[in-house]
>>> print(open('run-v1.pdb').read())   # PDB, C-alpha atoms
ATOM      1  CA  MET A   1     -39.515  19.278 -33.260
ATOM      2  CA  LYS A   2     -42.404  17.530 -31.573
ATOM      3  CA  TYR A   3     -42.340  13.803 -31.073
ATOM      4  CA  THR A   4     -45.348  12.053 -32.420
ATOM      5  CA  SER A   5     -43.808   8.640 -32.700
ATOM      6  CA  THR A   6     -45.271   5.850 -30.602
ATOM      7  CA  SER A   7     -42.102   3.748 -30.838
ATOM      8  CA  PHE A   8     -40.659   5.021 -27.544
ATOM      9  CA  SER A   9     -40.562   2.851 -24.487
ATOM     10  CA  GLY A  10     -39.902   3.329 -20.776
ATOM     11  CA  ASN A  11     -38.446   6.737 -19.913
ATOM     12  CA  ASN A  12     -38.355   7.700 -23.559
ATOM     13  CA  ILE A  13     -42.139   7.837 -23.547
ATOM     14  CA  ASN A  14     -41.992  10.320 -20.690
ATOM     15  CA  TYR A  15     -39.448  12.413 -22.601
ATOM     16  CA  ALA A  16     -41.627  12.319 -25.705
ATOM     17  CA  ILE A  17     -44.648  13.463 -23.722
ATOM     18  CA  PHE A  18     -42.537  16.166 -22.060
ATOM     19  CA  TYR A  19     -41.266  17.476 -25.381
ATOM     20  CA  TYR A  20     -44.761  17.354 -26.800
ATOM     21  CA  LEU A  21     -46.285  19.279 -23.904
ATOM     22  CA  THR A  22     -43.528  21.884 -23.511
ATOM     23  CA  GLY A  23     -42.682  22.333 -27.129
ATOM     24  CA  GLU A  24     -38.958  21.910 -26.371
ATOM     25  CA  SER A  25     -36.902  20.069 -28.894
ATOM     26  CA  SER A  26     -34.689  17.115 -28.017
ATOM     27  CA  GLU A  27     -31.703  19.210 -29.151
ATOM     28  CA  SER A  28     -32.416  21.992 -26.651
ATOM     29  CA  ASN A  29     -32.911  19.424 -23.929
ATOM     30  CA  LYS A  30     -29.558  17.846 -24.805
ATOM     31  CA  ILE A  31     -27.877  21.255 -24.586
ATOM     32  CA  ILE A  32     -29.392  21.802 -21.143
ATOM     33  CA  GLY A  33     -28.034  18.418 -20.084
ATOM     34  CA  GLU A  34     -24.557  19.243 -21.369
ATOM     35  CA  LEU A  35     -24.675  22.586 -19.563
ATOM     36  CA  GLY A  36     -25.402  20.703 -16.353
ATOM     37  CA  ASN A  37     -22.356  18.473 -16.957
ATOM     38  CA  VAL A  38     -20.164  21.509 -17.599
ATOM     39  CA  LEU A  39     -21.315  23.144 -14.372
ATOM     40  CA  THR A  40     -20.698  19.942 -12.441
ATOM     41  CA  HIS A  41     -17.113  19.687 -13.735
ATOM     42  CA  PHE A  42     -16.582  23.392 -13.108
ATOM     43  CA  TYR A  43     -17.441  23.104  -9.442
ATOM     44  CA  GLN A  44     -16.090  19.584  -8.872
ATOM     45  CA  PRO A  45     -13.202  19.071 -11.303
ATOM     46  CA  VAL A  46     -11.146  15.894 -11.120
ATOM     47  CA  SER A  47      -8.043  18.056 -10.592
ATOM     48  CA  GLN A  48      -9.478  19.308  -7.292
ATOM     49  CA  GLU A  49      -9.982  15.814  -5.902
ATOM     50  CA  ASN A  50      -8.079  15.299  -2.682
ATOM     51  CA  ASN A  51      -4.799  13.527  -3.502
ATOM     52  CA  GLU A  52      -4.799  11.400  -0.381
ATOM     53  CA  GLU A  53      -8.387  10.303  -0.882
ATOM     54  CA  ARG A  54      -7.736   9.520  -4.527
ATOM     55  CA  PHE A  55      -4.610   7.541  -3.647
ATOM     56  CA  TYR A  56      -6.378   5.400  -1.052
ATOM     57  CA  ASN A  57      -9.353   4.768  -3.327
ATOM     58  CA  LEU A  58      -7.079   3.657  -6.155
ATOM     59  CA  SER A  59      -4.935   1.668  -3.756
ATOM     60  CA  ALA A  60      -7.940  -0.202  -2.362
ATOM     61  CA  THR A  61      -9.124  -1.120  -5.854
ATOM     62  CA  TRP A  62      -5.663  -2.285  -6.880
ATOM     63  CA  LYS A  63      -5.083  -4.320  -3.715
ATOM     64  CA  TYR A  64      -8.360  -6.148  -4.108
ATOM     65  CA  GLU A  65      -8.061  -6.887  -7.783
ATOM     66  CA  LYS A  66      -4.421  -8.057  -7.785
ATOM     67  CA  THR A  67      -4.753 -10.396  -4.802
ATOM     68  CA  PHE A  68      -4.435 -13.611  -6.779
ATOM     69  CA  ILE A  69      -1.976 -12.340  -9.365
ATOM     70  CA  SER A  70       1.645 -13.426  -9.378
ATOM     71  CA  SER A  71       2.721 -11.737 -12.603
ATOM     72  CA  ILE A  72       4.382  -8.445 -11.775
ATOM     73  CA  GLU A  73       3.526  -7.034 -15.187
ATOM     74  CA  SER A  74      -0.149  -7.728 -14.531
ATOM     75  CA  ILE A  75       0.098  -6.262 -11.034
ATOM     76  CA  VAL A  76       1.748  -3.013 -12.106
ATOM     77  CA  LEU A  77      -0.183  -2.554 -15.329
ATOM     78  CA  HIS A  78      -3.444  -2.532 -13.395
ATOM     79  CA  PRO A  79      -5.218   0.739 -14.302
ATOM     80  CA  ALA A  80      -5.486   1.869 -10.667
ATOM     81  CA  TYR A  81      -1.751   1.323 -10.118
ATOM     82  CA  GLN A  82      -0.974   3.189 -13.335
ATOM     83  CA  GLN A  83      -3.109   6.102 -12.159
ATOM     84  CA  ILE A  84      -1.184   6.162  -8.889
ATOM     85  CA  ILE A  85       2.103   6.307 -10.807
ATOM     86  CA  GLY A  86       0.584   9.065 -12.926
ATOM     87  CA  MET A  87      -0.008  11.150  -9.807
ATOM     88  CA  GLY A  88       3.764  11.577  -9.581
ATOM     89  CA  SER A  89       5.928  12.548  -6.641
ATOM     90  CA  LYS A  90       3.056  14.043  -4.623
ATOM     91  CA  VAL A  91       1.878  10.497  -3.960
ATOM     92  CA  LEU A  92       5.197   9.333  -2.462
ATOM     93  CA  PRO A  93       4.339  10.154   1.185
ATOM     94  CA  TYR A  94       1.169   8.060   0.930
ATOM     95  CA  ILE A  95       2.982   5.154  -0.700
ATOM     96  CA  PHE A  96       5.650   5.154   1.993
ATOM     97  CA  LYS A  97       3.003   5.360   4.714
ATOM     98  CA  GLU A  98       1.285   2.349   3.169
ATOM     99  CA  LEU A  99       4.523   0.459   2.685
ATOM    100  CA  ASN A 100       5.527   1.118   6.280
ATOM    101  CA  ASN A 101       2.208  -0.315   7.474
ATOM    102  CA  SER A 102       2.293  -3.427   5.305
ATOM    103  CA  ILE A 103       4.465  -4.868   2.589
ATOM    104  CA  ASP A 104       3.068  -4.657  -0.900
ATOM    105  CA  HIS A 105       4.211  -4.233  -4.467
ATOM    106  CA  TRP A 106       4.940  -0.532  -4.372
ATOM    107  CA  PHE A 107       8.519  -0.972  -5.559
ATOM    108  CA  TRP A 108       7.753  -0.614  -9.256
ATOM    109  CA  ALA A 109       5.862   2.628  -8.666
ATOM    110  CA  LEU A 110       8.626   3.953  -6.424
ATOM    111  CA  LYS A 111      11.331   3.151  -8.949
ATOM    112  CA  THR A 112       9.294   4.698 -11.765
ATOM    113  CA  ILE A 113       8.365   7.879  -9.906
ATOM    114  CA  THR A 114      11.733   8.549  -8.263
ATOM    115  CA  GLY A 115      14.078   7.126 -10.886
ATOM    116  CA  GLN A 116      15.972   5.557  -7.993
ATOM    117  CA  ASP A 117      16.531   1.988  -6.855
ATOM    118  CA  PRO A 118      18.040   1.647  -3.371
ATOM    119  CA  VAL A 119      17.552  -2.148  -3.347
ATOM    120  CA  SER A 120      20.716  -4.209  -3.594
ATOM    121  CA  PRO A 121      20.604  -6.685  -6.529
ATOM    122  CA  SER A 122      21.145  -9.503  -4.045
ATOM    123  CA  ASP A 123      17.953  -8.490  -2.207
ATOM    124  CA  ARG A 124      15.667  -8.499  -5.243
ATOM    125  CA  GLY A 125      12.475 -10.373  -4.490
ATOM    126  CA  ASP A 126      13.033 -10.332  -0.733
ATOM    127  CA  MET A 127      10.043  -8.191   0.166
ATOM    128  CA  GLU A 128      11.199  -7.386   3.708
ATOM    129  CA  LYS A 129      14.640  -6.237   2.572
ATOM    130  CA  MET A 130      13.182  -4.290  -0.355
ATOM    131  CA  LYS A 131      10.806  -2.550   2.019
ATOM    132  CA  LEU A 132      13.640  -1.745   4.411
ATOM    133  CA  ALA A 133      15.818  -0.296   1.636
ATOM    134  CA  TRP A 134      12.988   1.908   0.374
ATOM    135  CA  MET A 135      11.933   3.057   3.847
ATOM    136  CA  ASN A 136      15.528   4.061   4.574
ATOM    137  CA  TRP A 137      15.584   5.954   1.280
ATOM    138  CA  ALA A 138      12.282   7.647   2.145
ATOM    139  CA  THR A 139      13.541   8.734   5.547
ATOM    140  CA  THR A 140      16.818  10.034   4.105
ATOM    141  CA  ASN A 141      15.006  11.979   1.397
ATOM    142  CA  GLY A 142      12.318  13.432   3.642
ATOM    143  CA  TYR A 143       9.321  11.478   2.393
ATOM    144  CA  PHE A 144       8.763   9.593   5.642
ATOM    145  CA  LYS A 145       9.263  10.354   9.304
ATOM    146  CA  SER A 146       9.811   7.376  11.530
ATOM    147  CA  ASN A 147       7.981   7.430  14.874
ATOM    148  CA  LYS A 148      10.975   5.811  16.573
TER     149      LYS A 148
ATOM    150  CA  MET B   1     -14.553  -4.133  -2.976
ATOM    151  CA  ALA B   2     -12.584  -6.525  -0.791
ATOM    152  CA  THR B   3     -14.566  -9.033   1.183
ATOM    153  CA  SER B   4     -13.548  -9.895   4.722
ATOM    154  CA  ASN B   5     -13.332 -13.558   3.832
ATOM    155  CA  PRO B   6     -10.349 -14.589   1.684
ATOM    156  CA  ILE B   7     -11.792 -18.078   1.323
ATOM    157  CA  SER B   8     -14.908 -16.731  -0.367
ATOM    158  CA  GLU B   9     -12.661 -14.754  -2.678
ATOM    159  CA  ILE B  10     -10.736 -17.886  -3.658
ATOM    160  CA  GLU B  11     -13.929 -19.672  -4.574
ATOM    161  CA  LEU B  12     -15.173 -16.654  -6.447
ATOM    162  CA  ARG B  13     -12.041 -16.398  -8.577
ATOM    163  CA  PHE B  14     -11.638 -20.163  -9.047
ATOM    164  CA  PRO B  15     -15.154 -21.585  -9.190
ATOM    165  CA  LEU B  16     -14.077 -25.188  -9.762
ATOM    166  CA  LEU B  17     -12.317 -25.326  -6.408
ATOM    167  CA  LYS B  18     -15.566 -25.152  -4.500
ATOM    168  CA  LYS B  19     -17.020 -27.912  -6.630
ATOM    169  CA  ILE B  20     -14.022 -30.252  -6.703
ATOM    170  CA  GLY B  21     -12.554 -29.425  -3.304
ATOM    171  CA  TYR B  22      -9.346 -27.878  -2.016
ATOM    172  CA  THR B  23      -7.485 -27.247   1.211
ATOM    173  CA  VAL B  24      -5.962 -24.006   2.449
ATOM    174  CA  THR B  25      -2.479 -24.817   3.717
ATOM    175  CA  SER B  26      -0.956 -21.458   4.707
ATOM    176  CA  PRO B  27      -1.814 -17.963   5.829
ATOM    177  CA  CYS B  28      -1.856 -15.133   3.261
ATOM    178  CA  THR B  29       1.581 -13.642   2.655
ATOM    179  CA  GLN B  30       3.344 -11.297   0.273
ATOM    180  CA  SER B  31       6.715 -12.874   1.001
ATOM    181  CA  TYR B  32       6.733 -15.311  -1.907
ATOM    182  CA  ASN B  33       4.687 -16.160  -4.954
ATOM    183  CA  CYS B  34       3.652 -19.221  -6.918
ATOM    184  CA  ILE B  35       6.870 -19.477  -8.913
ATOM    185  CA  ALA B  36       9.018 -19.351  -5.786
ATOM    186  CA  TRP B  37       6.725 -21.829  -4.041
ATOM    187  CA  ALA B  38       6.811 -24.230  -6.989
ATOM    188  CA  VAL B  39      10.614 -24.399  -6.968
ATOM    189  CA  GLY B  40      10.765 -24.625  -3.185
ATOM    190  CA  ASP B  41      11.608 -21.066  -2.098
ATOM    191  CA  ASN B  42       9.289 -19.365   0.386
ATOM    192  CA  SER B  43      11.450 -16.310   1.008
ATOM    193  CA  ARG B  44      11.283 -14.336  -2.253
ATOM    194  CA  TRP B  45       8.922 -13.160  -4.955
ATOM    195  CA  TRP B  46      10.167 -14.551  -8.254
ATOM    196  CA  TRP B  47       9.307 -12.832 -11.504
ATOM    197  CA  PRO B  48      11.276 -12.095 -14.683
ATOM    198  CA  ASP B  49      10.324  -8.420 -14.832
ATOM    199  CA  ALA B  50      12.317  -6.256 -17.199
ATOM    200  CA  ASN B  51      12.566  -3.537 -14.539
ATOM    201  CA  LEU B  52      14.951  -5.738 -12.487
ATOM    202  CA  ILE B  53      12.955  -5.434  -9.279
ATOM    203  CA  TYR B  54      12.112  -9.049  -8.427
ATOM    204  CA  TYR B  55      14.201 -12.175  -8.135
ATOM    205  CA  TRP B  56      15.041 -14.193 -11.206
ATOM    206  CA  PRO B  57      18.080 -16.411 -11.768
ATOM    207  CA  LYS B  58      20.848 -14.304 -13.299
ATOM    208  CA  SER B  59      21.603 -16.667 -16.145
ATOM    209  CA  VAL B  60      18.029 -16.719 -17.465
ATOM    210  CA  PRO B  61      16.457 -14.057 -19.754
ATOM    211  CA  ARG B  62      13.762 -11.948 -18.095
ATOM    212  CA  SER B  63      10.428 -12.360 -19.852
ATOM    213  CA  SER B  64       7.122 -13.915 -18.850
ATOM    214  CA  ASP B  65       7.142 -16.011 -22.000
ATOM    215  CA  LEU B  66       7.021 -19.797 -21.623
ATOM    216  CA  ARG B  67      10.471 -20.037 -23.239
ATOM    217  CA  CYS B  68      12.104 -18.128 -20.366
ATOM    218  CA  PHE B  69      10.247 -20.097 -17.722
ATOM    219  CA  THR B  70      11.343 -23.284 -19.451
ATOM    220  CA  LEU B  71      14.966 -22.115 -19.348
ATOM    221  CA  MET B  72      14.575 -21.216 -15.685
ATOM    222  CA  LEU B  73      13.185 -24.636 -14.811
ATOM    223  CA  ASN B  74      15.904 -26.293 -16.898
ATOM    224  CA  THR B  75      18.504 -24.645 -14.660
ATOM    225  CA  PHE B  76      16.882 -26.391 -11.693
ATOM    226  CA  GLY B  77      16.952 -29.739 -13.438
ATOM    227  CA  TYR B  78      13.393 -29.829 -14.761
ATOM    228  CA  SER B  79      12.560 -30.932 -18.294
ATOM    229  CA  VAL B  80       9.290 -30.945 -20.212
ATOM    230  CA  CYS B  81       7.066 -33.963 -19.697
ATOM    231  CA  TYR B  82       3.662 -34.933 -21.002
ATOM    232  CA  SER B  83       1.995 -36.673 -18.091
ATOM    233  CA  LYS B  84       0.251 -35.231 -15.083
ATOM    234  CA  SER B  85       0.419 -38.568 -13.261
ATOM    235  CA  VAL B  86       2.564 -39.142 -10.218
ATOM    236  CA  GLU B  87       5.862 -40.823 -11.105
ATOM    237  CA  ASN B  88       8.030 -42.280  -8.373
ATOM    238  CA  ASN B  89      11.129 -40.222  -7.683
ATOM    239  CA  PHE B  90      10.030 -37.356  -9.915
ATOM    240  CA  GLN B  91       8.930 -33.890  -8.889
ATOM    241  CA  LYS B  92       6.522 -32.148 -11.279
ATOM    242  CA  ILE B  93       5.642 -28.520 -11.880
ATOM    243  CA  ALA B  94       2.764 -27.264 -14.029
ATOM    244  CA  LEU B  95       2.848 -23.839 -15.642
ATOM    245  CA  TYR B  96      -0.396 -22.008 -16.334
ATOM    246  CA  GLY B  97      -0.919 -19.232 -18.800
ATOM    247  CA  HIS B  98      -2.731 -17.500 -21.576
ATOM    248  CA  GLY B  99      -1.094 -18.603 -24.811
ATOM    249  CA  THR B 100       2.615 -18.660 -24.028
ATOM    250  CA  ASN B 101       2.326 -15.933 -21.392
ATOM    251  CA  VAL B 102       2.939 -17.574 -18.021
ATOM    252  CA  THR B 103       0.640 -16.562 -15.182
ATOM    253  CA  HIS B 104       1.037 -19.233 -12.494
ATOM    254  CA  ALA B 105       2.843 -22.373 -11.359
ATOM    255  CA  SER B 106       1.800 -25.375  -9.287
ATOM    256  CA  ARG B 107       3.905 -28.169  -7.809
ATOM    257  CA  GLN B 108       2.748 -31.766  -7.615
ATOM    258  CA  LEU B 109       2.604 -33.412  -4.205
ATOM    259  CA  PRO B 110       3.386 -37.083  -3.533
ATOM    260  CA  ASN B 111      -0.343 -37.763  -3.084
ATOM    261  CA  GLY B 112      -1.024 -36.663  -6.669
ATOM    262  CA  LYS B 113      -2.595 -33.352  -5.704
ATOM    263  CA  TRP B 114      -0.992 -30.013  -6.492
ATOM    264  CA  THR B 115       0.095 -27.141  -4.285
ATOM    265  CA  SER B 116      -0.259 -23.521  -5.365
ATOM    266  CA  LYS B 117       0.499 -20.150  -3.879
ATOM    267  CA  LEU B 118      -2.316 -17.894  -5.073
ATOM    268  CA  GLY B 119      -0.625 -14.555  -5.673
ATOM    269  CA  SER B 120      -0.510 -12.710  -2.343
ATOM    270  CA  ASN B 121      -3.174 -14.983  -0.935
ATOM    271  CA  HIS B 122      -3.046 -18.467   0.607
ATOM    272  CA  ASP B 123      -1.219 -21.621  -0.391
ATOM    273  CA  ILE B 124      -3.741 -24.249  -1.308
ATOM    274  CA  GLU B 125      -3.754 -27.945  -2.128
ATOM    275  CA  HIS B 126      -5.936 -28.743  -5.126
ATOM    276  CA  THR B 127      -6.558 -31.197  -7.920
ATOM    277  CA  TYR B 128      -4.953 -30.926 -11.337
ATOM    278  CA  GLU B 129      -8.126 -29.371 -12.750
ATOM    279  CA  GLY B 130      -8.922 -27.219  -9.715
ATOM    280  CA  LEU B 131      -7.662 -23.913 -11.076
ATOM    281  CA  ASP B 132      -9.217 -24.325 -14.529
ATOM    282  CA  MET B 133     -11.747 -21.662 -15.502
ATOM    283  CA  GLY B 134     -10.015 -19.219 -13.188
ATOM    284  CA  ASP B 135      -7.816 -16.173 -13.586
ATOM    285  CA  TYR B 136      -4.708 -18.088 -14.636
ATOM    286  CA  GLY B 137      -5.883 -19.507 -17.950
ATOM    287  CA  GLY B 138      -4.990 -23.159 -18.467
ATOM    288  CA  ILE B 139      -2.013 -25.458 -17.949
ATOM    289  CA  ILE B 140       0.390 -24.799 -20.807
ATOM    290  CA  ALA B 141       3.289 -27.061 -19.834
ATOM    291  CA  ILE B 142       4.338 -29.697 -17.323
ATOM    292  CA  PHE B 143       7.918 -30.274 -16.207
ATOM    293  CA  LYS B 144       9.553 -32.944 -14.107
ATOM    294  CA  LYS B 145      12.875 -33.591 -12.459
ATOM    295  CA  ARG B 146      14.291 -36.651 -10.831
ATOM    296  CA  ILE B 147      14.671 -36.474  -7.070
ATOM    297  CA  SER B 148      16.171 -39.007  -4.744
ATOM    298  CA  SER B 149      13.057 -39.316  -2.604
ATOM    299  CA  LEU B 150       9.826 -37.426  -2.123
ATOM    300  CA  ASN B 151       9.227 -35.821   1.241
TER     301      ASN B 151
END
>>> encode(input="run-v1.pdb", output="structure tokens")
Amino acid sequence: MKYTSTSFSGNNINYAIFYYLTGESSESNKIIGELGNVLTHFYQPVSQENNEERFYNLSATWKYEKTFISSIESIVLHPAYQQIIGMGSKVLPYIFKELNNSIDHWFWALKTITGQDPVSPSDRGDMEKMKLAWMNWATTNGYFKSNK
Amino acid sequence: MATSNPISEIELRFPLLKKIGYTVTSPCTQSYNCIAWAVGDNSRWWWPDANLIYYWPKSVPRSSDLRCFTLMLNTFGYSVCYSKSVENNFQKIALYGHGTNVTHASRQLPNGKWTSKLGSNHDIEHTYEGLDMGDYGGIIAIFKKRISSLN
């Protein structure tokens, strides 16, 4: 199909001229585009993304966007945090490394991923004690090596 | 992504603060949140999460609904009031939210201004209206309790 319409604007005009000059249809051009997308995903699939890099990218987004939030539900339902939880147990070493460096709200993710809760009920909400309980758990279970 | 200036971030998230004025009164910390700060605890993060991770008084149901926050404040002697004005010998707390979903709490100071812990960020002193048009929604309830004397 050759475009003869003059209703195109911007880039569409260029496409229309291109189709007109080459004789290619918009459908064949669309197929070529889709083929390019398929090749891109074949060589660079999401599943081959480096776990550590993905974790730190998601973590940075989450940390920035939850800064002013007090509601734990809002903090943990953030899409980046949910993606981190979705990465499963392979993300635990990175979480513990982060937690060891600075306190943050990793406890929900840790409890969800591991199914464990080493924090004493009397320490709930005490971020330092929660961190300590989880770091001890991580060391005991081989997810973190202390430099001490 | 994150800016290097937390103050700029505050003004970005709460545009009225820059216009009306506010004062930063603490460093950033994850140790406590707005709810803890409002009731006078700067050692724990308070939240009624159903996953039983954060602090919440044992006798109070765990939900972020206004009803549960009201029950929590009742246990500390606060009752609902309808005035934002300073009243001698009364401490006031304002709850913010979207609908009945609580997002934030502020505590009134003797000078009539309010003090807020902004998530994991700073404590600030601000006016009653200062946090309007920001991430927390609006003020959905005010509570007061009698105290012997204000600090």
>>> axis_aligned_box(input="run-v1.pdb", around="segment 81-87 of chain B", padding_each_side="6 Å", output="lines of an AutoDock Vina configuration file")
center_x = 3.7
center_y = -37.4
center_z = -15.6
size_x = 18.8
size_y = 18.9
size_z = 22.8
>>> closest_atom_pairs(input="run-v1.pdb", of="chain A", to="chain B", cutoff="6 Å", atoms="all atoms listed in the file", output="tab-separated table")
residue	atom	partner	partner_atom	distance
A:Tyr64	CA	B:Ala2	CA	5.4
A:Thr67	CA	B:Ser120	CA	5.4
A:Phe68	CA	B:Gly119	CA	4.1
A:Ile69	CA	B:Gly119	CA	4.5
A:Ser70	CA	B:Gly119	CA	4.5
A:Ser71	CA	B:Thr103	CA	5.9
A:Arg124	CA	B:Tyr54	CA	4.8
A:Gly125	CA	B:Tyr54	CA	4.2
A:Asp126	CA	B:Arg44	CA	4.6
A:Met127	CA	B:Ser31	CA	5.8
>>> resolve_selection(input="run-v1.pdb", expression="the PyMOL selection byres ((chain A and resi 97) around 10)", output="count of residues only")
16
>>> atom_distance(input="run-v1.pdb", atom1="atom CA of Val60 of chain B", atom2="atom CA of Thr100 of chain B")
16.9 Å
>>> resolve_selection(input="run-v1.pdb", expression="the PyMOL selection byres ((chain B and resi 139-150) around 7)", output="PDB file with C-alpha atoms, keeping the file's coordinate frame")
ATOM      1  CA  GLY B  77      16.952 -29.739 -13.438  1.00  0.00           C
ATOM      2  CA  TYR B  78      13.393 -29.829 -14.761  1.00  0.00           C
ATOM      3  CA  SER B  79      12.560 -30.932 -18.294  1.00  0.00           C
ATOM      4  CA  VAL B  80       9.290 -30.945 -20.212  1.00  0.00           C
ATOM      5  CA  CYS B  81       7.066 -33.963 -19.697  1.00  0.00           C
ATOM      6  CA  TYR B  82       3.662 -34.933 -21.002  1.00  0.00           C
ATOM      7  CA  ASN B  89      11.129 -40.222  -7.683  1.00  0.00           C
ATOM      8  CA  PHE B  90      10.030 -37.356  -9.915  1.00  0.00           C
ATOM      9  CA  GLN B  91       8.930 -33.890  -8.889  1.00  0.00           C
ATOM     10  CA  LYS B  92       6.522 -32.148 -11.279  1.00  0.00           C
ATOM     11  CA  ILE B  93       5.642 -28.520 -11.880  1.00  0.00           C
ATOM     12  CA  ALA B  94       2.764 -27.264 -14.029  1.00  0.00           C
ATOM     13  CA  LEU B  95       2.848 -23.839 -15.642  1.00  0.00           C
ATOM     14  CA  TYR B  96      -0.396 -22.008 -16.334  1.00  0.00           C
ATOM     15  CA  GLY B  97      -0.919 -19.232 -18.800  1.00  0.00           C
ATOM     16  CA  PRO B 110       3.386 -37.083  -3.533  1.00  0.00           C
ATOM     17  CA  GLY B 138      -4.990 -23.159 -18.467  1.00  0.00           C
ATOM     18  CA  ASN B 151       9.227 -35.821   1.241  1.00  0.00           C
TER      19      ASN B 151
END
>>> atom_distance(input="run-v1.pdb", atom1="atom CA of His78 of chain A", atom2="atom CA of Trp62 of chain A")
6.9 Å
>>> residues_near_point(input="run-v1.pdb", point="(-1.9, -29.5, -10.4)", cutoff="7 Å", atoms="only C-alpha atoms", output="list in words")
Ala94, Ser106, Arg107, Gln108, Lys113, Trp114, Thr115, His126, Thr127, Tyr128 and Glu129 of chain B
>>> resolve_selection(input="run-v1.pdb", expression="the PyMOL selection byres ((chain A and resi 87) around 12)", output="short mmCIF file (atom, residue, chain, number, x, y, z; two decimals) with C-alpha atoms, in the frame of the given file")
data_model
loop_
_atom_site.label_atom_id
_atom_site.label_comp_id
_atom_site.auth_asym_id
_atom_site.auth_seq_id
_atom_site.Cartn_x
_atom_site.Cartn_y
_atom_site.Cartn_z
CA SER A 47 -8.04 18.06 -10.59
CA GLU A 49 -9.98 15.81 -5.90
CA ASN A 50 -8.08 15.30 -2.68
CA ASN A 51 -4.80 13.53 -3.50
CA GLU A 52 -4.80 11.40 -0.38
CA ARG A 54 -7.74 9.52 -4.53
CA PHE A 55 -4.61 7.54 -3.65
CA LEU A 58 -7.08 3.66 -6.16
CA ALA A 80 -5.49 1.87 -10.67
CA TYR A 81 -1.75 1.32 -10.12
CA GLN A 82 -0.97 3.19 -13.34
CA GLN A 83 -3.11 6.10 -12.16
CA ILE A 84 -1.18 6.16 -8.89
CA ILE A 85 2.10 6.31 -10.81
CA GLY A 86 0.58 9.06 -12.93
CA GLY A 88 3.76 11.58 -9.58
CA SER A 89 5.93 12.55 -6.64
CA LYS A 90 3.06 14.04 -4.62
CA VAL A 91 1.88 10.50 -3.96
CA LEU A 92 5.20 9.33 -2.46
CA PRO A 93 4.34 10.15 1.18
CA TYR A 94 1.17 8.06 0.93
CA ILE A 95 2.98 5.15 -0.70
CA ALA A 109 5.86 2.63 -8.67
CA LEU A 110 8.63 3.95 -6.42
CA THR A 112 9.29 4.70 -11.76
CA ILE A 113 8.36 7.88 -9.91
#
>>> atom_distance(input="run-v1.pdb", atom1="atom CA of Ser8 of chain B", atom2="atom CA of Trp108 of chain A")
29.2 Å
>>> residues_around(input="run-v1.pdb", residues="segment 16-23 of chain B", least_positions_apart="5", cutoff="6 Å", atoms="all atoms listed in the file", output="JSON, numbers by chain")
{"B": [11, 124, 125, 126, 130]}
>>> residues_around(input="run-v1.pdb", residues="Lys129 of chain A", least_positions_apart="5", cutoff="9 Å", atoms="all atoms listed in the file", output="JSON list (two decimals) with C-alpha atoms, keeping the file's coordinate frame")
[["chain", "number", "residue", "atom", "x", "y", "z"],
["A", 119, "VAL", "CA", 17.55, -2.15, -3.35],
["A", 120, "SER", "CA", 20.72, -4.21, -3.59],
["A", 123, "ASP", "CA", 17.95, -8.49, -2.21],
["A", 124, "ARG", "CA", 15.67, -8.50, -5.24],
["A", 134, "TRP", "CA", 12.99, 1.91, 0.37]]
>>> closest_residue(input="run-v1.pdb", among="B:Val86, B:Met72, B:Ser59, B:Met133", to="Val39 of chain B", atoms="only C-alpha atoms")
B:Met72
>>> build_atoms(input="run-v1.pdb", residues="segment 111-118 of chain A", atoms="N, CA, C and O atoms", output="CSV table (one decimal), keeping the file's coordinate frame")
chain,number,residue,atom,x,y,z
A,111,LYS,N,10.2,3.1,-8.0
A,111,LYS,CA,11.3,3.2,-8.9
A,111,LYS,C,11.0,4.0,-10.1
A,111,LYS,O,11.8,4.8,-10.6
A,112,THR,N,9.7,3.9,-10.6
A,112,THR,CA,9.3,4.7,-11.8
A,112,THR,C,9.2,6.2,-11.4
A,112,THR,O,9.6,7.0,-12.2
A,113,ILE,N,8.6,6.5,-10.3
A,113,ILE,CA,8.4,7.9,-9.9
A,113,ILE,C,9.7,8.6,-9.5
A,113,ILE,O,9.9,9.7,-9.9
A,114,THR,N,10.5,7.9,-8.8
A,114,THR,CA,11.7,8.5,-8.3
A,114,THR,C,12.9,8.4,-9.2
A,114,THR,O,13.9,9.2,-9.1
A,115,GLY,N,12.9,7.4,-10.0
A,115,GLY,CA,14.1,7.1,-10.9
A,115,GLY,C,15.2,6.5,-10.1
A,115,GLY,O,16.4,6.4,-10.6
A,116,GLN,N,14.9,6.1,-8.9
A,116,GLN,CA,16.0,5.6,-8.0
A,116,GLN,C,15.7,4.1,-7.7
A,116,GLN,O,14.6,3.6,-7.9
A,117,ASP,N,16.7,3.4,-7.3
A,117,ASP,CA,16.5,2.0,-6.9
A,117,ASP,C,17.5,1.7,-5.7
A,117,ASP,O,18.7,1.3,-6.0
A,118,PRO,N,17.1,1.9,-4.5
A,118,PRO,CA,18.0,1.6,-3.4
A,118,PRO,C,18.2,0.2,-3.0
A,118,PRO,O,19.0,-0.1,-2.1
